[in-house]
Every structure is written in structure tokens, then in C-alpha cells.
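Quick look at data-v4.pdb (PDB, C-alpha atoms):
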```
ATOM      1  CA  MET A   1     -21.419  27.810 121.052  1.00  0.00           C
ATOM      2  CA  PRO A   2     -18.771  25.466 119.521  1.00  0.00           C
ATOM      3  CA  ARG A   3     -21.528  23.020 118.487  1.00  0.00           C
ATOM      4  CA  SER A   4     -23.372  25.846 116.692  1.00  0.00           C
ATOM      5  CA  VAL A   5     -20.206  26.857 114.864  1.00  0.00           C
ATOM      6  CA  ASP A   6     -19.630  23.240 113.836  1.00  0.00           C
ATOM      7  CA  HIS A   7     -23.152  23.016 112.446  1.00  0.00           C
ATOM      8  CA  ASP A   8     -22.712  26.235 110.471  1.00  0.00           C
ATOM      9  CA  THR A   9     -19.394  24.984 109.125  1.00  0.00           C
ATOM     10  CA  ARG A  10     -20.899  21.666 108.083  1.00  0.00           C
ATOM     11  CA  ARG A  11     -23.812  23.368 106.311  1.00  0.00           C
ATOM     12  CA  SER A  12     -21.348  25.610 104.460  1.00  0.00           C
ATOM     13  CA  GLU A  13     -19.252  22.609 103.430  1.00  0.00           C
ATOM     14  CA  ILE A  14     -22.343  20.862 102.109  1.00  0.00           C
ATOM     15  CA  ALA A  15     -23.379  24.016 100.233  1.00  0.00           C
ATOM     16  CA  ASP A  16     -19.909  24.185  98.681  1.00  0.00           C
ATOM     17  CA  ALA A  17     -20.303  20.570  97.536  1.00  0.00           C
ATOM     18  CA  VAL A  18     -23.619  21.514  95.902  1.00  0.00           C
ATOM     19  CA  LEU A  19     -21.967  24.429  94.119  1.00  0.00           C
ATOM     20  CA  ALA A  20     -19.119  22.211  92.909  1.00  0.00           C
ATOM     21  CA  LEU A  21     -21.627  19.786  91.396  1.00  0.00           C
ATOM     22  CA  VAL A  22     -23.610  22.606  89.789  1.00  0.00           C
ATOM     23  CA  ALA A  23     -20.427  24.053  88.298  1.00  0.00           C
ATOM     24  CA  ARG A  24     -19.427  20.729  86.748  1.00  0.00           C
ATOM     25  CA  SER A  25     -22.724  19.193  85.715  1.00  0.00           C
ATOM     26  CA  GLY A  26     -25.617  21.584  86.353  1.00  0.00           C
ATOM     27  CA  THR A  27     -28.420  21.415  88.883  1.00  0.00           C
ATOM     28  CA  GLU A  28     -29.619  18.053  87.540  1.00  0.00           C
ATOM     29  CA  ALA A  29     -26.540  16.438  89.099  1.00  0.00           C
ATOM     30  CA  VAL A  30     -27.550  17.517  92.602  1.00  0.00           C
ATOM     31  CA  SER A  31     -29.075  14.838  94.855  1.00  0.00           C
ATOM     32  CA  LEU A  32     -28.665  13.902  98.483  1.00  0.00           C
ATOM     33  CA  ARG A  33     -26.443  11.008  97.401  1.00  0.00           C
ATOM     34  CA  SER A  34     -24.252  12.961  94.971  1.00  0.00           C
ATOM     35  CA  VAL A  35     -23.780  15.798  97.437  1.00  0.00           C
ATOM     36  CA  ALA A  36     -22.787  13.353 100.171  1.00  0.00           C
ATOM     37  CA  ALA A  37     -20.182  11.822  97.859  1.00  0.00           C
ATOM     38  CA  GLU A  38     -18.881  15.237  96.826  1.00  0.00           C
ATOM     39  CA  ALA A  39     -18.612  16.389 100.441  1.00  0.00           C
ATOM     40  CA  GLY A  40     -17.065  13.115 101.602  1.00  0.00           C
ATOM     41  CA  ILE A  41     -19.744  12.454 104.207  1.00  0.00           C
ATOM     42  CA  SER A  42     -22.602  10.017 104.636  1.00  0.00           C
ATOM     43  CA  MET A  43     -25.980  10.572 103.020  1.00  0.00           C
ATOM     44  CA  GLY A  44     -27.493  10.429 106.508  1.00  0.00           C
ATOM     45  CA  ARG A  45     -25.346  13.400 107.514  1.00  0.00           C
ATOM     46  CA  VAL A  46     -26.595  15.401 104.517  1.00  0.00           C
ATOM     47  CA  GLN A  47     -30.198  14.472 105.368  1.00  0.00           C
ATOM     48  CA  HIS A  48     -29.610  15.629 108.941  1.00  0.00           C
ATOM     49  CA  TYR A  49     -29.184  19.164 107.595  1.00  0.00           C
ATOM     50  CA  PHE A  50     -31.243  19.126 104.387  1.00  0.00           C
ATOM     51  CA  ALA A  51     -34.371  17.084 103.762  1.00  0.00           C
ATOM     52  CA  SER A  52     -34.544  17.506  99.986  1.00  0.00           C
ATOM     53  CA  LYS A  53     -32.735  18.541  96.815  1.00  0.00           C
ATOM     54  CA  ASP A  54     -34.614  21.846  96.815  1.00  0.00           C
ATOM     55  CA  ALA A  55     -33.413  22.561 100.346  1.00  0.00           C
ATOM     56  CA  LEU A  56     -29.837  21.855  99.258  1.00  0.00           C
ATOM     57  CA  LEU A  57     -30.107  24.110  96.221  1.00  0.00           C
ATOM     58  CA  LEU A  58     -31.715  26.951  98.129  1.00  0.00           C
ATOM     59  CA  HIS A  59     -29.062  26.909 100.834  1.00  0.00           C
ATOM     60  CA  ALA A  60     -26.319  26.884  98.192  1.00  0.00           C
ATOM     61  CA  LEU A  61     -28.064  29.738  96.393  1.00  0.00           C
ATOM     62  CA  ASP A  62     -28.287  31.735  99.615  1.00  0.00           C
ATOM     63  CA  ARG A  63     -24.580  31.155 100.289  1.00  0.00           C
ATOM     64  CA  SER A  64     -23.709  32.215  96.734  1.00  0.00           C
ATOM     65  CA  HIS A  65     -25.806  35.374  97.065  1.00  0.00           C
ATOM     66  CA  ARG A  66     -24.096  36.339 100.314  1.00  0.00           C
ATOM     67  CA  GLN A  67     -20.668  35.772  98.785  1.00  0.00           C
ATOM     68  CA  MET A  68     -21.705  37.812  95.745  1.00  0.00           C
ATOM     69  CA  GLU A  69     -22.805  40.681  97.998  1.00  0.00           C
ATOM     70  CA  GLU A  70     -19.412  40.585  99.723  1.00  0.00           C
ATOM     71  CA  ARG A  71     -17.614  40.756  96.366  1.00  0.00           C
ATOM     72  CA  ILE A  72     -19.784  43.666  95.235  1.00  0.00           C
ATOM     73  CA  GLU A  73     -19.136  45.573  98.457  1.00  0.00           C
ATOM     74  CA  ALA A  74     -15.379  44.954  98.196  1.00  0.00           C
ATOM     75  CA  ARG A  75     -15.272  46.018  94.535  1.00  0.00           C
ATOM     76  CA  ALA A  76     -17.359  49.138  95.164  1.00  0.00           C
ATOM     77  CA  ARG A  77     -15.067  50.154  98.033  1.00  0.00           C
ATOM     78  CA  ALA A  78     -11.997  49.633  95.858  1.00  0.00           C
ATOM     79  CA  VAL A  79     -13.393  51.695  92.967  1.00  0.00           C
ATOM     80  CA  GLY A  80     -14.984  54.479  95.011  1.00  0.00           C
ATOM     81  CA  GLY A  81     -17.424  56.898  93.427  1.00  0.00           C
ATOM     82  CA  GLY A  82     -21.166  57.355  93.725  1.00  0.00           C
ATOM     83  CA  ASP A  83     -24.377  55.597  92.808  1.00  0.00           C
ATOM     84  CA  ARG A  84     -23.395  55.009  89.191  1.00  0.00           C
ATOM     85  CA  THR A  85     -20.213  53.190  90.178  1.00  0.00           C
ATOM     86  CA  VAL A  86     -22.133  51.021  92.628  1.00  0.00           C
ATOM     87  CA  LEU A  87     -24.756  50.203  89.993  1.00  0.00           C
ATOM     88  CA  ALA A  88     -22.105  49.391  87.382  1.00  0.00           C
ATOM     89  CA  THR A  89     -20.330  47.120  89.867  1.00  0.00           C
ATOM     90  CA  ILE A  90     -23.542  45.281  90.771  1.00  0.00           C
ATOM     91  CA  LEU A  91     -24.545  44.782  87.135  1.00  0.00           C
ATOM     92  CA  ASP A  92     -21.053  43.629  86.199  1.00  0.00           C
ATOM     93  CA  GLU A  93     -21.111  41.063  89.006  1.00  0.00           C
ATOM     94  CA  LEU A  94     -24.536  39.835  87.906  1.00  0.00           C
ATOM     95  CA  LEU A  95     -23.155  39.012  84.448  1.00  0.00           C
ATOM     96  CA  GLY A  96     -21.537  35.911  85.926  1.00  0.00           C
ATOM     97  CA  ALA A  97     -17.816  36.431  85.391  1.00  0.00           C
ATOM     98  CA  HIS A  98     -17.140  34.957  88.840  1.00  0.00           C
ATOM     99  CA  PRO A  99     -17.676  31.155  88.979  1.00  0.00           C
ATOM    100  CA  ARG A 100     -19.787  31.352  92.139  1.00  0.00           C
ATOM    101  CA  THR A 101     -22.051  33.949  90.561  1.00  0.00           C
ATOM    102  CA  ARG A 102     -22.503  31.681  87.521  1.00  0.00           C
ATOM    103  CA  ASP A 103     -23.422  28.831  89.877  1.00  0.00           C
ATOM    104  CA  ALA A 104     -25.987  31.045  91.623  1.00  0.00           C
ATOM    105  CA  LEU A 105     -27.466  32.031  88.250  1.00  0.00           C
ATOM    106  CA  ARG A 106     -27.787  28.371  87.244  1.00  0.00           C
ATOM    107  CA  ILE A 107     -29.533  27.496  90.495  1.00  0.00           C
ATOM    108  CA  HIS A 108     -31.796  30.520  90.132  1.00  0.00           C
ATOM    109  CA  ALA A 109     -32.740  29.360  86.628  1.00  0.00           C
ATOM    110  CA  ALA A 110     -33.585  25.896  87.967  1.00  0.00           C
ATOM    111  CA  PHE A 111     -36.251  27.459  90.175  1.00  0.00           C
ATOM    112  CA  ALA A 112     -37.518  29.934  87.578  1.00  0.00           C
ATOM    113  CA  THR A 113     -40.332  27.739  86.274  1.00  0.00           C
ATOM    114  CA  ARG A 114     -41.318  26.186  89.604  1.00  0.00           C
ATOM    115  CA  GLU A 115     -43.910  27.098  92.171  1.00  0.00           C
ATOM    116  CA  VAL A 116     -41.824  28.116  95.173  1.00  0.00           C
ATOM    117  CA  ASP A 117     -42.667  28.819  98.791  1.00  0.00           C
ATOM    118  CA  GLU A 118     -42.209  32.140 100.548  1.00  0.00           C
ATOM    119  CA  ARG A 119     -38.778  31.249 101.943  1.00  0.00           C
ATOM    120  CA  ALA A 120     -37.525  30.297  98.485  1.00  0.00           C
ATOM    121  CA  ARG A 121     -39.033  33.424  96.939  1.00  0.00           C
ATOM    122  CA  ALA A 122     -37.295  35.582  99.538  1.00  0.00           C
ATOM    123  CA  ILE A 123     -33.919  34.097  98.605  1.00  0.00           C
ATOM    124  CA  LEU A 124     -34.566  34.259  94.865  1.00  0.00           C
ATOM    125  CA  THR A 125     -35.604  37.934  94.962  1.00  0.00           C
ATOM    126  CA  ASP A 126     -33.216  39.132  97.675  1.00  0.00           C
ATOM    127  CA  GLY A 127     -31.935  42.607  96.828  1.00  0.00           C
ATOM    128  CA  ASP A 128     -34.010  43.032  93.649  1.00  0.00           C
ATOM    129  CA  ASP A 129     -35.985  46.038  94.926  1.00  0.00           C
ATOM    130  CA  GLU A 130     -32.839  47.822  96.088  1.00  0.00           C
ATOM    131  CA  ILE A 131     -31.074  47.276  92.765  1.00  0.00           C
ATOM    132  CA  ARG A 132     -34.102  48.487  90.829  1.00  0.00           C
ATOM    133  CA  ALA A 133     -34.374  51.618  93.001  1.00  0.00           C
ATOM    134  CA  LEU A 134     -30.669  52.326  92.478  1.00  0.00           C
ATOM    135  CA  ALA A 135     -31.001  51.900  88.703  1.00  0.00           C
ATOM    136  CA  VAL A 136     -33.990  54.246  88.607  1.00  0.00           C
ATOM    137  CA  ARG A 137     -32.069  56.834  90.616  1.00  0.00           C
ATOM    138  CA  VAL A 138     -28.965  56.623  88.399  1.00  0.00           C
ATOM    139  CA  VAL A 139     -30.808  57.017  85.085  1.00  0.00           C
ATOM    140  CA  ALA A 140     -33.045  59.727  86.551  1.00  0.00           C
ATOM    141  CA  ASP A 141     -29.975  61.667  87.704  1.00  0.00           C
ATOM    142  CA  ALA A 142     -28.593  61.320  84.175  1.00  0.00           C
ATOM    143  CA  GLY A 143     -31.676  63.042  82.773  1.00  0.00           C
ATOM    144  CA  SER A 144     -33.863  60.146  81.638  1.00  0.00           C
ATOM    145  CA  ALA A 145     -37.369  61.209  80.647  1.00  0.00           C
ATOM    146  CA  ASP A 146     -38.702  57.818  81.764  1.00  0.00           C
ATOM    147  CA  PRO A 147     -36.394  56.433  84.454  1.00  0.00           C
ATOM    148  CA  ASP A 148     -38.681  53.527  85.405  1.00  0.00           C
ATOM    149  CA  THR A 149     -38.726  52.174  81.852  1.00  0.00           C
ATOM    150  CA  ASP A 150     -35.022  52.819  81.244  1.00  0.00           C
ATOM    151  CA  ALA A 151     -34.053  51.162  84.524  1.00  0.00           C
ATOM    152  CA  HIS A 152     -36.250  48.172  83.718  1.00  0.00           C
ATOM    153  CA  ALA A 153     -34.648  47.871  80.279  1.00  0.00           C
ATOM    154  CA  LEU A 154     -31.160  48.007  81.799  1.00  0.00           C
ATOM    155  CA  LEU A 155     -31.956  45.296  84.346  1.00  0.00           C
ATOM    156  CA  ALA A 156     -33.723  43.135  81.749  1.00  0.00           C
ATOM    157  CA  LEU A 157     -30.653  43.422  79.516  1.00  0.00           C
ATOM    158  CA  THR A 158     -28.414  42.380  82.407  1.00  0.00           C
ATOM    159  CA  SER A 159     -30.643  39.392  83.125  1.00  0.00           C
ATOM    160  CA  GLY A 160     -30.587  38.288  79.493  1.00  0.00           C
ATOM    161  CA  LEU A 161     -26.831  38.668  79.187  1.00  0.00           C
ATOM    162  CA  SER A 162     -26.226  36.783  82.433  1.00  0.00           C
ATOM    163  CA  THR A 163     -28.395  33.931  81.163  1.00  0.00           C
ATOM    164  CA  GLU A 164     -26.307  33.752  77.993  1.00  0.00           C
ATOM    165  CA  VAL A 165     -23.114  33.626  80.051  1.00  0.00           C
ATOM    166  CA  ALA A 166     -24.228  31.225  82.789  1.00  0.00           C
ATOM    167  CA  LEU A 167     -26.431  28.843  80.824  1.00  0.00           C
ATOM    168  CA  HIS A 168     -25.112  29.045  77.268  1.00  0.00           C
ATOM    169  CA  GLY A 169     -21.418  29.760  77.739  1.00  0.00           C
ATOM    170  CA  ALA A 170     -21.403  33.129  75.981  1.00  0.00           C
ATOM    171  CA  PRO A 171     -18.188  35.153  76.467  1.00  0.00           C
ATOM    172  CA  VAL A 172     -18.469  37.388  79.500  1.00  0.00           C
ATOM    173  CA  ASP A 173     -16.282  40.035  77.840  1.00  0.00           C
ATOM    174  CA  ARG A 174     -18.839  40.445  75.054  1.00  0.00           C
ATOM    175  CA  ALA A 175     -21.640  40.672  77.604  1.00  0.00           C
ATOM    176  CA  ARG A 176     -19.669  43.271  79.529  1.00  0.00           C
ATOM    177  CA  ARG A 177     -19.058  45.386  76.421  1.00  0.00           C
ATOM    178  CA  THR A 178     -22.756  45.293  75.556  1.00  0.00           C
ATOM    179  CA  LEU A 179     -23.859  46.206  79.067  1.00  0.00           C
ATOM    180  CA  THR A 180     -21.289  48.992  79.362  1.00  0.00           C
ATOM    181  CA  ALA A 181     -22.375  50.494  76.036  1.00  0.00           C
ATOM    182  CA  ILE A 182     -26.027  50.647  77.098  1.00  0.00           C
ATOM    183  CA  LEU A 183     -25.210  51.962  80.580  1.00  0.00           C
ATOM    184  CA  ASP A 184     -23.070  54.667  78.986  1.00  0.00           C
ATOM    185  CA  ARG A 185     -25.995  55.709  76.787  1.00  0.00           C
ATOM    186  CA  LEU A 186     -28.442  55.845  79.678  1.00  0.00           C
ATOM    187  CA  ALA A 187     -26.069  57.370  82.227  1.00  0.00           C
ATOM    188  CA  PRO A 188     -23.011  58.866  80.500  1.00  0.00           C
ATOM    189  CA  ALA A 189     -19.882  59.443  82.543  1.00  0.00           C
ATOM    190  CA  THR A 190     -16.398  60.712  81.902  1.00  0.00           C
ATOM    191  CA  ALA A 191     -13.630  58.339  83.023  1.00  0.00           C
ATOM    192  CA  ARG A 192     -13.437  54.580  82.792  1.00  0.00           C
ATOM    193  CA  GLY A 193     -12.923  52.719  86.074  1.00  0.00           C
ATOM    194  CA  PRO A 194     -11.751  49.182  86.881  1.00  0.00           C
ATOM    195  CA  ALA A 195     -15.296  47.883  87.345  1.00  0.00           C
ATOM    196  CA  GLY A 196     -15.999  48.339  83.652  1.00  0.00           C
ATOM    197  CA  ASP A 197     -18.100  51.461  84.200  1.00  0.00           C
ATOM    198  CA  ARG A 198     -17.340  55.117  83.829  1.00  0.00           C
ATOM    199  CA  GLU A 199     -17.269  57.510  86.687  1.00  0.00           C
TER     200      GLU A 199
END
```
So, in terms of C-alpha cells, how does the structure I just supplied come out?
Amino acid sequence: MPRSVDHDTRRSEIADAVLALVARSGTEAVSLRSVAAEAGISMGRVQHYFASKDALLLHALDRSHRQMEERIEARARAVGGGDRTVLATILDELLGAHPRTRDALRIHAAFATREVDERARAILTDGDDEIRALAVRVVADAGSADPDTDAHALLALTSGLSTEVALHGAPVDRARRTLTAILDRLAPATARGPAGDRE
């Protein structure tokens, strides 16, 4: 068991080195050599765990996604409320205000134009169906005549805004104001909460 824990710890440390490189210089800076230098270990040690740059990026992306899910769960618990609060919290997180979320968005974008295998696709699309179903439910409950289209528009807006923030350095506060305004139109609520939504 201790050996397994050590391996998990080492993989997490390597993933954190990948994320540090992505944050500073983008995904182009990631290589087996640069990650080894960032992590303070030999290149052979990195290769022991990850055979390629893609493998490094995907593991870092998976780690970022799991950390993002933990932040969303913690924020939703702190705010309380129903489906709309949860949706607002998820969409706010996806805008990329948190540095790790921005890193995940940058890595995601690096894979966007590539042909990826099933394992990569599973990581890249993890949670998408659940978020879409939640968005449909929230706008339907608010009286939308076409909840599928309205939910799709809301998620497409979030994706576009997050790209502006993560890849082009747009102010997250402006993105948040835009997203909140559209969410309020599609699913009006009565009192503003700390997650930037109304509940």
C-alpha cells in the first residue's frame, strides 16, 4: 500500500509541474524534459509514469477537472439553494477565475483540434451531459418555451466567455457580468448570492 501511495503522490507532483508550465507559458512549453526540470526529477522518472506529452497533459487535465469538481461542490454547499444555484456555481467556475480552471481550459483547447482516443475523449467530456441536463432543467423550470435551445445557448456562451478569459486574458469580472445577465433572463430569481447568481 505505501508504494501505491508514493506512486500516486509522484504522479500528482508531475501533474502539478505540468500545470505550472501551462500557467506560465502555455501547453507548448510542456515536454518530458521541461516537466522533469519543473518537478526537480530526472526525465527517466517522468517517462516511467508518462510516455508522451499527450499523456502528461491528459493526466494534468484530469487532475484539474477533479479539483474543479471539488471547488464546485464546496461552493454549492456554502451557498445552498436548488438547481439554479448549482448551475450558476458550475458556470461561474467554468469561466476560469480560478488559476487551475484556466489551466484546464488551456489544456482542453490544446486538444480541441486533435483526433483523440476514447480515454482522452472521456476526460475532455467528463460531466458535460450532466451539466447540459441541469441547464435544461433549470430553464425549463423557469418557463422556457424551448429549454434545449436555451440551455445550449447558455452553455455555448459560457464556453465562449471562458475561452476569452483563459486564452485571451479577458477580464473575468466582465465575463461574469455577461453570464449572470443572460442567466437572469433565462431563469430569473430574486436574491443575489455569493456565487454570482440569484436564488
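Those residues returned by the PyMOL selection byres ((chain A and resi 109) around 12) for this file are Val22, Gly26, Thr27, Glu28, Leu57, Leu58, Leu61, Arg102, Asp103, Ala104, Leu105, Arg106, Ile107, His108, Ala110, Phe111, Ala112, Thr113, Arg114, Leu124, Ser159, Gly160, Ser162, Thr163, Glu164, Ala166 and Leu167 of chain A.
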For this session: I need the residue set behind the PyMOL selection byres ((chain A and resi 137-143) around 9) for this file; please write it as number ranges by chain.
Result: A: 83-84, 87, 132-136, 144-148, 150-151, 183, 186-188
Seminar exercise, completed: One decimal place gives the CA of Glu118 (chain A)-CA of Tyr49 (chain A) separation as 19.7 Å
Problem set entry | Surrounding residues of region 64-75 of chain A excluding itself and chain neighbours under 5 positions, 8 Å, only C-alpha atoms, as number ranges by chain | A: 89-90, 93, 100-101, 103-104, 195
For this session: In Å, rounded to a single decimal, give me how far CA of Glu38 (chain A) is from CA of Leu21 (chain A).
Result: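 Interatomic distance here is 7.6 Å.
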For this session: Work out how far apart CA of Asp54 (chain A) and CA of Leu91 (chain A) are and give it in Å to one decimal.
Result: 26.9 Å
Generate all heavy atoms for region 50-61 of chain A and emit them as an mmCIF file, in the frame of the given file.
```cif
data_model
loop_
_atom_site.group_PDB
_atom_site.id
_atom_site.type_symbol
_atom_site.label_atom_id
_atom_site.label_comp_id
_atom_site.auth_asym_id
_atom_site.auth_seq_id
_atom_site.Cartn_x
_atom_site.Cartn_y
_atom_site.Cartn_z
ATOM 1 N N PHE A 50 -30.387 18.752 105.517
ATOM 2 C CA PHE A 50 -31.243 19.126 104.387
ATOM 3 C C PHE A 50 -32.132 17.942 104.004
ATOM 4 O O PHE A 50 -31.620 16.863 103.701
ATOM 5 C CB PHE A 50 -30.401 19.550 103.182
ATOM 6 C CG PHE A 50 -29.449 20.679 103.480
ATOM 7 C CD1 PHE A 50 -28.107 20.429 103.725
ATOM 8 C CD2 PHE A 50 -29.907 21.985 103.535
ATOM 9 C CE1 PHE A 50 -27.239 21.459 104.010
ATOM 10 C CE2 PHE A 50 -29.035 23.028 103.822
ATOM 11 C CZ PHE A 50 -27.702 22.771 104.064
ATOM 12 N N ALA A 51 -33.431 18.180 103.988
ATOM 13 C CA ALA A 51 -34.371 17.084 103.762
ATOM 14 C C ALA A 51 -34.610 16.790 102.291
ATOM 15 O O ALA A 51 -35.151 15.739 101.948
ATOM 16 C CB ALA A 51 -35.709 17.405 104.428
ATOM 17 N N SER A 52 -34.212 17.691 101.393
ATOM 18 C CA SER A 52 -34.544 17.506 99.986
ATOM 19 C C SER A 52 -33.518 18.200 99.094
ATOM 20 O O SER A 52 -32.703 19.014 99.551
ATOM 21 C CB SER A 52 -35.932 18.099 99.691
ATOM 22 O OG SER A 52 -35.899 19.521 99.822
ATOM 23 N N LYS A 53 -33.587 17.885 97.803
ATOM 24 C CA LYS A 53 -32.735 18.541 96.815
ATOM 25 C C LYS A 53 -33.012 20.034 96.783
ATOM 26 O O LYS A 53 -32.078 20.850 96.704
ATOM 27 C CB LYS A 53 -32.974 17.924 95.437
ATOM 28 C CG LYS A 53 -32.258 18.642 94.301
ATOM 29 C CD LYS A 53 -32.496 17.963 92.970
ATOM 30 C CE LYS A 53 -31.872 18.748 91.822
ATOM 31 N NZ LYS A 53 -31.978 18.028 90.527
ATOM 32 N N ASP A 54 -34.283 20.426 96.829
ATOM 33 C CA ASP A 54 -34.614 21.846 96.815
ATOM 34 C C ASP A 54 -33.983 22.579 97.990
ATOM 35 O O ASP A 54 -33.490 23.702 97.849
ATOM 36 C CB ASP A 54 -36.131 22.043 96.836
ATOM 37 C CG ASP A 54 -36.753 21.886 95.449
ATOM 38 O OD1 ASP A 54 -36.014 21.540 94.502
ATOM 39 O OD2 ASP A 54 -37.963 22.087 95.320
ATOM 40 N N ALA A 55 -34.011 21.943 99.164
ATOM 41 C CA ALA A 55 -33.413 22.561 100.346
ATOM 42 C C ALA A 55 -31.903 22.743 100.149
ATOM 43 O O ALA A 55 -31.336 23.774 100.536
ATOM 44 C CB ALA A 55 -33.694 21.720 101.583
ATOM 45 N N LEU A 56 -31.271 21.755 99.541
ATOM 46 C CA LEU A 56 -29.837 21.855 99.258
ATOM 47 C C LEU A 56 -29.554 23.015 98.302
ATOM 48 O O LEU A 56 -28.653 23.830 98.539
ATOM 49 C CB LEU A 56 -29.348 20.556 98.615
ATOM 50 C CG LEU A 56 -29.126 19.350 99.524
ATOM 51 C CD1 LEU A 56 -29.001 18.086 98.681
ATOM 52 C CD2 LEU A 56 -27.874 19.539 100.370
ATOM 53 N N LEU A 57 -30.327 23.076 97.227
ATOM 54 C CA LEU A 57 -30.107 24.110 96.221
ATOM 55 C C LEU A 57 -30.352 25.504 96.781
ATOM 56 O O LEU A 57 -29.593 26.442 96.508
ATOM 57 C CB LEU A 57 -31.005 23.868 95.012
ATOM 58 C CG LEU A 57 -30.601 22.702 94.100
ATOM 59 C CD1 LEU A 57 -31.702 22.425 93.088
ATOM 60 C CD2 LEU A 57 -29.282 22.992 93.384
ATOM 61 N N LEU A 58 -31.398 25.637 97.576
ATOM 62 C CA LEU A 58 -31.715 26.951 98.129
ATOM 63 C C LEU A 58 -30.643 27.424 99.103
ATOM 64 O O LEU A 58 -30.279 28.604 99.128
ATOM 65 C CB LEU A 58 -33.083 26.930 98.808
ATOM 66 C CG LEU A 58 -34.271 26.980 97.851
ATOM 67 C CD1 LEU A 58 -35.571 26.697 98.594
ATOM 68 C CD2 LEU A 58 -34.345 28.327 97.143
ATOM 69 N N HIS A 59 -30.115 26.505 99.910
ATOM 70 C CA HIS A 59 -29.062 26.909 100.834
ATOM 71 C C HIS A 59 -27.799 27.303 100.066
ATOM 72 O O HIS A 59 -27.137 28.292 100.408
ATOM 73 C CB HIS A 59 -28.744 25.782 101.814
ATOM 74 C CG HIS A 59 -27.758 26.185 102.869
ATOM 75 N ND1 HIS A 59 -28.080 27.047 103.895
ATOM 76 C CD2 HIS A 59 -26.439 25.887 103.028
ATOM 77 C CE1 HIS A 59 -27.019 27.245 104.655
ATOM 78 N NE2 HIS A 59 -26.008 26.553 104.149
ATOM 79 N N ALA A 60 -27.477 26.542 99.012
ATOM 80 C CA ALA A 60 -26.319 26.884 98.192
ATOM 81 C C ALA A 60 -26.526 28.231 97.495
ATOM 82 O O ALA A 60 -25.599 29.039 97.382
ATOM 83 C CB ALA A 60 -26.062 25.781 97.168
ATOM 84 N N LEU A 61 -27.747 28.462 97.031
ATOM 85 C CA LEU A 61 -28.064 29.738 96.393
ATOM 86 C C LEU A 61 -27.899 30.891 97.380
ATOM 87 O O LEU A 61 -27.318 31.930 97.059
ATOM 88 C CB LEU A 61 -29.486 29.710 95.851
ATOM 89 C CG LEU A 61 -29.984 30.982 95.168
ATOM 90 C CD1 LEU A 61 -29.173 31.268 93.916
ATOM 91 C CD2 LEU A 61 -31.464 30.853 94.819
#
```
